[in-house]
file input29.tsv (TSV, C-alpha atoms)
chain	number	residue	atom	x	y	z
A	1	MET	CA	-11.30	7.75	-14.09
A	2	SER	CA	-11.60	6.72	-17.71
A	3	GLU	CA	-14.78	4.76	-18.29
A	4	VAL	CA	-18.14	5.16	-16.70
A	5	GLN	CA	-18.70	2.21	-14.46
A	6	ARG	CA	-21.92	0.42	-15.19
A	7	ARG	CA	-21.94	-1.46	-11.95
A	8	LYS	CA	-23.51	-0.07	-8.87
A	9	TYR	CA	-22.05	-0.61	-5.44
A	10	SER	CA	-24.30	-1.69	-2.62
A	11	GLN	CA	-24.64	0.60	0.40
A	12	GLU	CA	-22.23	-1.62	2.35
A	13	GLU	CA	-19.70	-1.60	-0.47
A	14	LYS	CA	-19.92	2.18	-0.72
A	15	THR	CA	-19.23	2.55	2.97
A	16	ALA	CA	-16.35	0.09	2.76
A	17	ILE	CA	-14.74	1.93	-0.16
A	18	PHE	CA	-15.30	5.30	1.43
A	19	ASP	CA	-13.83	4.33	4.78
A	20	GLY	CA	-11.18	1.97	3.47
A	21	GLU	CA	-9.93	3.75	0.36
A	22	PHE	CA	-10.99	7.41	0.57
A	23	MET	CA	-10.76	8.48	4.19
A	24	PRO	CA	-7.12	7.34	4.72
A	25	HIS	CA	-6.04	10.17	2.37
A	26	ILE	CA	-7.60	12.94	4.42
A	27	ASP	CA	-4.24	14.27	5.69
A	28	SER	CA	-2.79	14.58	2.20
A	29	MET	CA	-6.03	16.06	0.91
A	30	TYR	CA	-6.15	18.68	3.63
A	31	ASN	CA	-2.51	19.63	3.15
A	32	PHE	CA	-3.02	19.96	-0.59
A	33	ALA	CA	-6.15	22.06	-0.02
A	34	PHE	CA	-4.34	24.27	2.47
A	35	ARG	CA	-1.43	24.87	0.11
A	36	LEU	CA	-3.88	25.85	-2.61
A	37	THR	CA	-6.03	28.18	-0.51
A	38	PHE	CA	-3.73	29.29	2.36
A	39	ASP	CA	-6.80	29.40	4.57
A	40	GLU	CA	-7.93	26.82	7.13
A	41	ASP	CA	-11.64	27.29	6.59
A	42	ASP	CA	-11.36	27.29	2.81
A	43	ALA	CA	-9.19	24.18	3.00
A	44	LYS	CA	-11.77	22.45	5.21
A	45	ASP	CA	-14.60	23.39	2.86
A	46	LEU	CA	-12.64	22.21	-0.13
A	47	VAL	CA	-11.87	18.84	1.46
A	48	GLN	CA	-15.47	18.35	2.63
A	49	ASP	CA	-16.75	19.29	-0.78
A	50	THR	CA	-14.35	16.84	-2.41
A	51	TYR	CA	-15.44	13.96	-0.16
A	52	MET	CA	-19.11	14.75	-0.80
A	53	LYS	CA	-18.49	14.61	-4.54
A	54	ALA	CA	-16.43	11.45	-4.17
A	55	PHE	CA	-19.32	9.80	-2.38
A	56	ARG	CA	-21.91	11.02	-4.85
A	57	PHE	CA	-19.88	9.72	-7.81
A	58	ILE	CA	-18.54	6.63	-6.09
A	59	ASN	CA	-19.95	4.38	-8.81
A	60	SER	CA	-17.50	5.86	-11.28
A	61	PHE	CA	-14.61	4.87	-9.03
A	62	GLU	CA	-13.18	1.50	-9.90
A	63	GLN	CA	-12.32	-0.35	-6.75
A	64	GLY	CA	-8.66	-1.22	-6.42
A	65	THR	CA	-7.49	1.62	-8.69
A	66	ASN	CA	-5.62	4.66	-7.41
A	67	ALA	CA	-8.08	6.29	-5.00
A	68	LYS	CA	-5.65	9.00	-3.97
A	69	ALA	CA	-5.14	10.23	-7.55
A	70	TRP	CA	-8.89	10.05	-8.15
A	71	LEU	CA	-9.57	12.19	-5.06
A	72	PHE	CA	-6.82	14.68	-5.86
A	73	ARG	CA	-8.31	15.17	-9.31
A	74	ILE	CA	-11.71	15.99	-7.83
A	75	LEU	CA	-10.14	18.37	-5.33
A	76	LYS	CA	-8.09	20.14	-7.97
A	77	ASN	CA	-11.14	20.57	-10.22
A	78	SER	CA	-13.27	21.84	-7.35
A	79	PHE	CA	-10.59	24.36	-6.54
A	80	ILE	CA	-10.43	25.62	-10.12
A	81	ASN	CA	-14.19	25.72	-10.63
A	82	GLU	CA	-15.34	27.12	-7.33
A	83	TYR	CA	-12.66	28.39	-5.01
A	84	ARG	CA	-10.49	30.21	-7.45
A	85	LYS	CA	-13.44	32.34	-8.53
A	86	LYS	CA	-14.23	33.64	-5.09
A	87	SER	CA	-10.59	33.87	-4.13
A	88	LYS	CA	-9.66	36.70	-1.81
A	89	GLN	CA	-6.21	36.88	-3.28
A	90	PRO	CA	-5.12	40.18	-4.83
A	91	ALA	CA	-5.08	40.67	-8.57
A	92	LYS	CA	-2.89	38.16	-10.32
A	93	VAL	CA	-0.77	38.38	-13.38
A	94	ASP	CA	-2.56	37.71	-16.62
A	95	TYR	CA	-3.21	34.02	-16.26
A	96	GLN	CA	-3.61	33.29	-19.95
A	97	GLU	CA	-0.30	34.86	-20.75
A	98	VAL	CA	1.46	32.75	-18.20
A	99	GLU	CA	-0.42	29.69	-19.34
A	100	THR	CA	0.69	30.04	-22.98
A	101	PHE	CA	4.22	30.55	-21.85
A	102	TYR	CA	4.56	27.62	-19.55
A	103	ASN	CA	2.41	25.16	-21.39
A	104	SER	CA	5.00	25.00	-24.09
A	105	ASP	CA	6.88	21.73	-23.78
A	106	ASP	CA	10.14	23.19	-24.99
A	107	VAL	CA	12.22	24.01	-22.01
A	108	ASP	CA	15.63	25.53	-21.94
A	109	TYR	CA	17.63	23.57	-19.42
A	110	GLN	CA	20.60	25.84	-19.94
A	111	SER	CA	19.71	28.14	-17.08
A	112	THR	CA	22.49	28.41	-14.57
A	113	THR	CA	21.94	28.84	-10.90
A	114	ASP	CA	24.73	29.30	-8.42
A	115	LEU	CA	22.62	27.83	-5.64
A	116	ARG	CA	24.54	25.04	-3.96
A	117	ALA	CA	23.17	21.70	-2.82
A	118	GLU	CA	24.89	22.23	0.56
A	119	SER	CA	23.01	25.45	1.32
A	120	VAL	CA	19.70	23.85	0.28
A	121	LYS	CA	20.30	21.01	2.73
A	122	ASP	CA	20.76	23.47	5.60
A	123	MET	CA	17.48	25.25	5.07
A	124	LEU	CA	14.64	25.12	7.56
A	125	GLY	CA	11.24	23.64	6.91
A	126	ASP	CA	9.59	27.04	7.14
A	127	GLU	CA	11.93	28.49	4.55
A	128	ILE	CA	11.22	25.65	2.17
A	129	SER	CA	7.49	25.98	2.80
A	130	ASN	CA	7.51	29.74	2.25
A	131	ALA	CA	9.49	29.40	-0.94
A	132	LEU	CA	6.98	26.86	-2.22
A	133	ASN	CA	4.02	29.02	-1.20
A	134	ALA	CA	5.46	31.97	-3.09
A	135	LEU	CA	5.06	30.16	-6.42
A	136	ALA	CA	2.05	30.70	-8.69
A	137	VAL	CA	-0.59	28.08	-8.03
A	138	ASP	CA	0.05	25.92	-11.11
A	139	PHE	CA	3.75	25.68	-10.38
A	140	ARG	CA	3.09	25.09	-6.69
A	141	THR	CA	0.65	22.33	-7.59
A	142	VAL	CA	3.07	20.22	-9.63
A	143	ILE	CA	5.71	20.38	-6.90
A	144	ILE	CA	3.19	19.36	-4.24
A	145	LEU	CA	2.00	16.44	-6.36
A	146	ALA	CA	5.48	15.24	-7.33
A	147	ASP	CA	7.64	15.92	-4.29
A	148	LEU	CA	5.29	16.09	-1.32
A	149	GLU	CA	2.82	13.43	-2.44
A	150	GLY	CA	5.00	11.28	-4.67
A	151	PHE	CA	2.74	11.04	-7.70
A	152	THR	CA	4.26	9.81	-10.97
A	153	TYR	CA	4.21	11.92	-14.15
A	154	GLU	CA	1.43	9.71	-15.48
A	155	GLU	CA	-0.73	10.17	-12.38
A	156	MET	CA	-0.10	13.90	-12.44
A	157	ALA	CA	-1.11	14.07	-16.09
A	158	LYS	CA	-4.45	12.48	-15.15
A	159	ILE	CA	-4.99	14.65	-12.09
A	160	LEU	CA	-4.26	17.85	-14.00
A	161	ASP	CA	-5.67	16.84	-17.40
A	162	ILE	CA	-2.48	17.76	-19.23
A	163	PRO	CA	-0.06	15.69	-21.36
A	164	ILE	CA	2.94	14.04	-19.69
A	165	GLY	CA	5.34	16.28	-21.63
A	166	THR	CA	3.65	19.29	-20.09
A	167	VAL	CA	3.92	17.75	-16.62
A	168	ARG	CA	7.65	17.34	-17.13
A	169	SER	CA	8.27	20.83	-18.45
A	170	ARG	CA	6.02	22.54	-15.91
A	171	LEU	CA	7.74	20.67	-13.11
A	172	HIS	CA	11.12	21.74	-14.41
A	173	ARG	CA	10.04	25.37	-14.53
A	174	ALA	CA	8.47	25.14	-11.11
A	175	ARG	CA	11.67	23.82	-9.57
A	176	ASN	CA	13.69	26.56	-11.26
A	177	LEU	CA	11.38	29.18	-9.78
A	178	LEU	CA	11.73	27.47	-6.42
A	179	LYS	CA	15.52	27.63	-6.75
A	180	ASP	CA	15.28	31.38	-7.30
A	181	GLN	CA	13.28	31.68	-4.09
A	182	LEU	CA	15.70	29.49	-2.17
A	183	LYS	CA	18.64	31.45	-3.51
A	184	GLY	CA	17.16	34.53	-1.87
A	185	TYR	CA	17.08	32.68	1.45
A	186	ALA	CA	20.57	31.30	0.99
A	187	GLN	CA	21.94	34.79	0.45
A	188	SER	CA	20.05	36.26	3.39
A	189	MET	CA	21.43	33.49	5.61
A	190	GLY	CA	24.90	34.60	4.67
A	191	TYR	CA	25.85	31.69	2.47
A	192	ASN	CA	28.21	32.68	-0.23
A	193	THR	CA	26.41	30.93	-3.05
A	194	ASP	CA	29.57	30.92	-5.16
A	195	GLU	CA	31.97	29.52	-2.64
A	196	GLU	CA	33.88	26.27	-2.99
A	197	GLU	CA	32.38	23.11	-1.68
A	198	GLU	CA	33.26	22.45	1.93
A	199	ASP	CA	32.68	19.17	3.67
B	200	MET	CA	20.79	7.33	-3.80
B	201	GLU	CA	24.17	8.94	-3.16
B	202	ILE	CA	26.69	8.55	-5.90
B	203	ASN	CA	30.00	10.13	-5.01
B	204	ASP	CA	32.55	7.52	-5.94
B	205	GLN	CA	34.60	9.23	-8.58
B	206	ALA	CA	37.51	11.59	-8.81
B	207	SER	CA	36.11	14.97	-9.71
B	208	GLY	CA	39.29	15.94	-11.54
B	209	GLU	CA	38.43	13.62	-14.40
B	210	ARG	CA	35.05	15.09	-15.20
B	211	LYS	CA	34.71	17.31	-18.19
B	212	LEU	CA	33.75	20.84	-17.32
B	213	GLN	CA	31.42	21.42	-20.26
B	214	CYS	CA	28.33	19.34	-20.91
B	215	ASP	CA	27.81	18.60	-24.61
B	216	ASP	CA	24.04	18.52	-24.46
B	217	VAL	CA	22.74	20.21	-21.35
B	218	ASN	CA	19.11	20.16	-22.46
B	219	ARG	CA	19.01	16.42	-23.00
B	220	CYS	CA	21.20	15.51	-20.05
B	221	PHE	CA	19.42	17.66	-17.48
B	222	GLN	CA	16.01	16.53	-18.63
B	223	LEU	CA	17.20	12.95	-18.34
B	224	LEU	CA	18.65	13.53	-14.88
B	225	GLU	CA	15.44	15.11	-13.68
B	226	SER	CA	13.38	12.20	-15.01
B	227	ILE	CA	15.69	9.77	-13.23
B	228	LEU	CA	15.36	11.72	-9.96
B	229	ASP	CA	11.58	11.67	-10.37
B	230	GLY	CA	11.75	7.89	-10.61
B	231	GLU	CA	10.52	7.77	-14.18
B	232	LEU	CA	13.26	5.62	-15.69
B	233	GLY	CA	13.51	2.76	-13.23
B	234	GLU	CA	16.56	0.50	-13.36
B	235	THR	CA	17.69	1.62	-16.80
B	236	GLY	CA	18.24	5.10	-15.42
B	237	LYS	CA	20.85	3.94	-12.94
B	238	GLU	CA	23.51	2.97	-15.47
B	239	VAL	CA	23.07	6.16	-17.47
B	240	LEU	CA	23.23	8.14	-14.27
B	241	LYS	CA	26.44	6.52	-13.09
B	242	GLU	CA	28.16	7.31	-16.35
B	243	LYS	CA	26.95	10.92	-16.49
B	244	LEU	CA	27.94	11.68	-12.93
B	245	ALA	CA	31.37	10.15	-13.39
B	246	LYS	CA	32.18	12.03	-16.55
B	247	CYS	CA	30.47	15.39	-16.50
B	248	GLN	CA	30.85	18.11	-13.87
B	249	PRO	CA	27.76	20.18	-14.86
B	250	CYS	CA	25.63	17.00	-14.73
B	251	PHE	CA	27.15	16.09	-11.36
B	252	GLU	CA	26.34	19.49	-9.88
B	253	HIS	CA	22.89	19.68	-11.38
B	254	TYR	CA	22.04	16.22	-10.11
B	255	HIS	CA	23.06	16.97	-6.55
B	256	LEU	CA	21.26	20.30	-6.41
B	257	GLU	CA	18.07	18.77	-7.84
B	258	GLN	CA	18.34	15.87	-5.43
B	259	ALA	CA	18.80	18.22	-2.46
B	260	ILE	CA	15.72	20.19	-3.45
B	261	ARG	CA	13.60	17.06	-3.74
B	262	ASP	CA	14.92	15.80	-0.40
B	263	VAL	CA	14.16	18.96	1.56
B	264	LEU	CA	10.70	19.24	0.00
B	265	LYS	CA	9.97	15.65	0.93
B	266	THR	CA	11.38	15.69	4.43
B	267	LYS	CA	11.18	19.24	5.74
B	268	CYS	CA	8.16	20.90	4.23
B	269	THR	CA	5.96	21.80	7.16
B	270	LYS	CA	2.76	19.83	7.34
B	271	GLN	CA	-0.49	21.52	8.24
B	272	PRO	CA	-2.18	19.72	11.14
B	273	VAL	CA	-5.56	18.42	10.05
B	274	PRO	CA	-8.41	19.81	12.16
B	275	ASN	CA	-9.64	17.09	14.56
B	276	GLU	CA	-13.28	17.42	13.68
B	277	LEU	CA	-12.83	17.30	9.89
B	278	ALA	CA	-13.10	13.53	9.44
B	279	ASP	CA	-16.12	13.36	11.75
B	280	SER	CA	-17.91	16.20	10.02
B	281	ILE	CA	-17.37	14.54	6.65
B	282	ARG	CA	-18.79	11.25	7.94
B	283	GLN	CA	-21.74	13.17	9.38
B	284	MET	CA	-22.43	14.92	6.07
B	285	ILE	CA	-22.32	11.62	4.20
B	286	LYS	CA	-24.71	10.06	6.70
B	287	GLU	CA	-27.17	12.92	6.29
B	288	SER	CA	-26.98	12.75	2.51
B	289	LYS	CA	-27.91	9.05	2.35
call {"tool": "encode", "arguments": {"input": "input29.tsv", "output": "structure tokens"}}
result
Amino acid sequence: MSEVQRRKYSQEEKTAIFDGEFMPHIDSMYNFAFRLTFDEDDAKDLVQDTYMKAFRFINSFEQGTNAKAWLFRILKNSFINEYRKKSKQPAKVDYQEVETFYNSDDVDYQSTTDLRAESVKDMLGDEISNALNALAVDFRTVIILADLEGFTYEEMAKILDIPIGTVRSRLHRARNLLKDQLKGYAQSMGYNTDEEEED
Amino acid sequence: MEINDQASGERKLQCDDVNRCFQLLESILDGELGETGKEVLKEKLAKCQPCFEHYHLEQAIRDVLKTKCTKQPVPNELADSIRQMIKESK
């Protein structure tokens, strides 16, 4: 991802890299694309587009390095540059305003939530998914990368082109927003979020 | 990693430095501190109730995201159509 590779792969090498290192990530790529777009066709287009770009720029991929992170970075950039523009989603909050707010690395960890670990553990997959999908795209993205795909802070910083400190603080904010969502579910399920721990 | 081996009565109820502790706990949960994190973690969880609660809630959230978040089935023809497009572009 860093330096332009001078070497050129042969046609056989390209095919080997593409099939051996790129294609195995198609499930993760599609799930990421779907969680960004919420639309099957858009997700398909985005993944196809990403693989086309990956093939076209395969010479700048260094064999043996992290192909998944490299592909996710292309997908994320394609989404920002192309799909977000023609997005069918309704008007959003002022993006810049949000950006300035959450790009600050100073985070107040003092926030208290009365959500309990026990009620989180009892939640259904759909509830977790819906809570995640309700987050603004940049918050959703860091949670997908960290928790669903298991990327490290360093890999996320490269995928998103932001400093590691920003990864950490954005992730913290994202999880707090997720907790707010989950708290809503916990209350609607009839959990008393304040009650004593019961085992 | 379940760490539950201490009497909760002995934990202090106020954390002296929530900002630093919680940030540290979250980094440990995200696997950023490796082995060094484990000792720090053990001590925090044994001695501080807010840290203990925060850790378990954060851990539960990571666990459910990892294990329960519904996966979108990948369309069958997607891989083939990508291979086809690559073939045609050569």
call {"tool": "closest_residue", "arguments": {"input": "input29.tsv", "among": "A:Met23, A:Met123, A:Ala16, A:Ile143", "to": "Ala174 in chain A", "atoms": "all atoms listed in the file"}}
result
A:Ile143
call {"tool": "residues_around", "arguments": {"input": "input29.tsv", "residues": "Ala146 in chain A", "least_positions_apart": "2", "cutoff": "10 Å", "atoms": "all atoms listed in the file", "output": "ChimeraX atom specification"}}
result
/A:141-144,148-153,155-156,167,171 /B:229,261,264-265
call {"tool": "atom_distance", "arguments": {"input": "input29.tsv", "atom1": "CA of Val217 in chain B", "atom2": "CA of Cys250 in chain B"}}
result
7.9 Å
call {"tool": "interface_residues", "arguments": {"input": "input29.tsv", "of": "chain A", "to": "chain B", "cutoff": "9 Å", "atoms": "all atoms listed in the file", "output": "count of residues only"}}
result
49
call {"tool": "residues_around", "arguments": {"input": "input29.tsv", "residues": "Glu154 in chain A", "least_positions_apart": "3", "cutoff": "7 Å", "atoms": "only C-alpha atoms", "output": "count of residues only"}}
result
3
call {"tool": "atom_distance", "arguments": {"input": "input29.tsv", "atom1": "CA of Leu75 in chain A", "atom2": "CA of Thr50 in chain A"}}
result
5.3 Å
call {"tool": "residues_around", "arguments": {"input": "input29.tsv", "residues": "Gly236 in chain B", "least_positions_apart": "4", "cutoff": "6 Å", "atoms": "all atoms listed in the file", "output": "MDAnalysis selection string"}}
result
chainID B and resid 227 232 240
call {"tool": "write_last_selection", "arguments": {"input": "input29.tsv", "atoms": "C-alpha atoms", "output": "CSV table (one decimal), keeping the file's coordinate frame"}}
result
chain,number,residue,atom,x,y,z
B,227,ILE,CA,15.7,9.8,-13.2
B,232,LEU,CA,13.3,5.6,-15.7
B,240,LEU,CA,23.2,8.1,-14.3
call {"tool": "atom_distance", "arguments": {"input": "input29.tsv", "atom1": "CA of Phe79 in chain A", "atom2": "CA of Arg170 in chain A"}}
result
19.2 Å
call {"tool": "closest_residue", "arguments": {"input": "input29.tsv", "among": "A:Thr65, A:Asp45, A:Ser119, A:Ala33", "to": "Ser188 in chain A", "atoms": "all atoms listed in the file"}}
result
A:Ser119
call {"tool": "residues_near_point", "arguments": {"input": "input29.tsv", "point": "(30.5, 16.9, -22.0)", "cutoff": "9 Å", "atoms": "only C-alpha atoms", "output": "PDB file with C-alpha atoms, keeping the file's coordinate frame"}}
result
ATOM      1  CA  ARG B 210      35.050  15.090 -15.200  1.00  0.00           C
ATOM      2  CA  LYS B 211      34.710  17.310 -18.190  1.00  0.00           C
ATOM      3  CA  LEU B 212      33.750  20.840 -17.320  1.00  0.00           C
ATOM      4  CA  GLN B 213      31.420  21.420 -20.260  1.00  0.00           C
ATOM      5  CA  CYS B 214      28.330  19.340 -20.910  1.00  0.00           C
ATOM      6  CA  ASP B 215      27.810  18.600 -24.610  1.00  0.00           C
ATOM      7  CA  ASP B 216      24.040  18.520 -24.460  1.00  0.00           C
ATOM      8  CA  VAL B 217      22.740  20.210 -21.350  1.00  0.00           C
ATOM      9  CA  LYS B 243      26.950  10.920 -16.490  1.00  0.00           C
ATOM     10  CA  LYS B 246      32.180  12.030 -16.550  1.00  0.00           C
ATOM     11  CA  CYS B 247      30.470  15.390 -16.500  1.00  0.00           C
ATOM     12  CA  GLN B 248      30.850  18.110 -13.870  1.00  0.00           C
ATOM     13  CA  PRO B 249      27.760  20.180 -14.860  1.00  0.00           C
ATOM     14  CA  CYS B 250      25.630  17.000 -14.730  1.00  0.00           C
TER      15      CYS B 250
END
call {"tool": "closest_residue", "arguments": {"input": "input29.tsv", "among": "A:Leu177, A:Asp41, A:Tyr185, A:Met29", "to": "Leu145 in chain A", "atoms": "only C-alpha atoms"}}
result
A:Met29
call {"tool": "decode", "arguments": {"input": "input29.tsv", "residues": "range 255-276 of chain B", "atoms": "C-alpha atoms", "output": "mmCIF file, in the first residue's frame"}}
result
data_model
loop_
_atom_site.group_PDB
_atom_site.id
_atom_site.type_symbol
_atom_site.label_atom_id
_atom_site.label_comp_id
_atom_site.auth_asym_id
_atom_site.auth_seq_id
_atom_site.Cartn_x
_atom_site.Cartn_y
_atom_site.Cartn_z
ATOM 1 C CA HIS B 255 -17.481 -6.934 31.127
ATOM 2 C CA LEU B 256 -19.945 -4.747 29.255
ATOM 3 C CA GLU B 257 -17.364 -3.924 26.576
ATOM 4 C CA GLN B 258 -16.435 -7.575 26.309
ATOM 5 C CA ALA B 259 -20.080 -8.617 25.952
ATOM 6 C CA ILE B 260 -20.597 -6.101 23.166
ATOM 7 C CA ARG B 261 -17.553 -7.320 21.264
ATOM 8 C CA ASP B 262 -18.637 -10.937 21.744
ATOM 9 C CA VAL B 263 -22.168 -10.473 20.432
ATOM 10 C CA LEU B 264 -20.936 -8.444 17.469
ATOM 11 C CA LYS B 265 -18.440 -11.145 16.619
ATOM 12 C CA THR B 266 -20.683 -14.137 17.115
ATOM 13 C CA LYS B 267 -24.264 -13.042 16.498
ATOM 14 C CA CYS B 268 -24.238 -10.308 13.903
ATOM 15 C CA THR B 269 -26.254 -11.678 11.015
ATOM 16 C CA LYS B 270 -24.223 -12.383 7.924
ATOM 17 C CA GLN B 271 -25.549 -11.488 4.517
ATOM 18 C CA PRO B 272 -25.451 -14.511 2.204
ATOM 19 C CA VAL B 273 -23.214 -13.785 -0.762
ATOM 20 C CA PRO B 274 -25.050 -14.097 -4.091
ATOM 21 C CA ASN B 275 -24.000 -17.353 -5.807
ATOM 22 C CA GLU B 276 -23.158 -15.783 -9.118
#
